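Below is one structure, written out as structure tokens; comments come after it.
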Amino acid sequence: TPRIVSIVDKPTITTLFYCCLYHYDLAENSLASPMAIRKAHRLTEKQFVWTALQARAKLKQWNDIEALFQTKGWLGGTKMKAVVGFDRVVSVLTRLGAPRMVLNKYCKLVEPSDRRIETAKKYQCHETVLETYMQQKDRQSLREYQARLSPQSQEWFYARDILNNSSIKWKN
């Protein structure tokens with residue numbers, strides 16, 4: 001339910017945040033539509049995405065967040081793109097209590113791979129760290145990371161399964 005407080009005479013970004021919370025699905029021809037506000041005030045994609053991300057994450061609307069980052073790719077497919085950087089997306093999602101599965105989804109999109117590993121370690125997205133080491137065929141780093149995980153945890157077993165996968169041609 002919308003707040004009682006008036007948004008009249010508030011900054012545009014505050015109004016946009018409010019409308020992303022309470023009127024996100026309104027058609028663009030409605031004055032309270034976030035898209036109408038974006039257009040009317042000529043907000044950048046970055047301003048819009050950053051504000052919408054925080055509002056939708058506050059409401060735990062993970063599908064809306066995913067739609068924010070989907071762009072049309074070649075041949076009609078979709079790909080994920082974040083003008084604010086996926087490392088910052090993970091930071092916001094962590095702060096607002098996103099589940100581990102959601103965090104891993106966006107952590108995996110951080111580029112380049114060294115920044116992905118750094119971000120994944122910072123926010124304890126173990127699956128992303130393990131999969132990145134696997135993609136790099138870096139057995140040594142994977143072993144060292146597994147040693148830091150809680151023994152017998154889900155992540156520890158996942159690391160073990162990767163290390164025991166005979167189809168991976170390890171570099172070291």
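Chain labels A, B, ... are given in the sequence in which chains occur in the structure tokens; within each chain residues are numbered consecutively from 1, and ligands are likewise numbered from 1 in the order shown.
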Residues within 10 Å of Leu109 in chain A, please, as a PyMOL selection string. Count only C-alpha atoms; anything in the same chain fewer than 3 positions from it doesn't count. chain A and resi 80-82+85-87+90+104-106+112-113+116+128
Please give the complete set of residues from range 101-142 of chain A that DSSP, run on the backbone, assigns to helix (DSSP H, G or I), formatted as a PyMOL selection string. chain A and resi 101-107+113-122+126-135+139-142
Interatomic distance, CA of Trp170 in chain A to CA of Tyr158 in chain A (Å, one decimal):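 Distance between the two atoms: 16.7 Å.
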Surrounding residues of range 63-79 of chain A excluding itself and chain neighbours under 5 positions, 12 Å, only C-alpha atoms, as a VMD selection string: chain A and resid 20 to 21 24 to 25 35 45 to 46 48 to 58 84 to 86 89 to 90 92 to 93 98 102 to 103 105 to 106 109
Using CA of Tyr18 in chain A and CA of Pro34 in chain A as the two end points, give the distance in Å to one decimal.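 Calculated distance between CA of Tyr18 in chain A and CA of Pro34 in chain A is 8.9 Å.
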Of the listed residues A:Thr14, A:Asn29, A:Asn164, A:Gln47, that which approaches Leu142 in chain A most closely, counting only C-alpha atoms: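 For Leu142 in chain A, the nearest of the candidates is A:Asn164.
Proximity to Thr119 in chain A at 9 Å, evaluated using only C-alpha atoms and with sequence-adjacent residues fewer than 6 positions away removed, yields Asp87, Val90, Ser91, Cys107, Val110, Cys125 and Val129 of chain A.
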Can you work out which one of A:Leu31, A:Val83, A:Ala120, A:Leu59 has the shortest atom-to-atom distance to Thr44 in chain A, counting only C-alpha atoms?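 Checking each of A:Leu31, A:Val83, A:Ala120, A:Leu59 against Thr44 in chain A, counting only C-alpha atoms, the winner is A:Val83.
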Nearest to Tyr123 in chain A by atom-to-atom distance, counting only C-alpha atoms, from A:Pro99, A:Ala36, A:Asp9, A:His23: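 Comparing A:Pro99, A:Ala36, A:Asp9, A:His23 against Tyr123 in chain A, the winner is A:Pro99.
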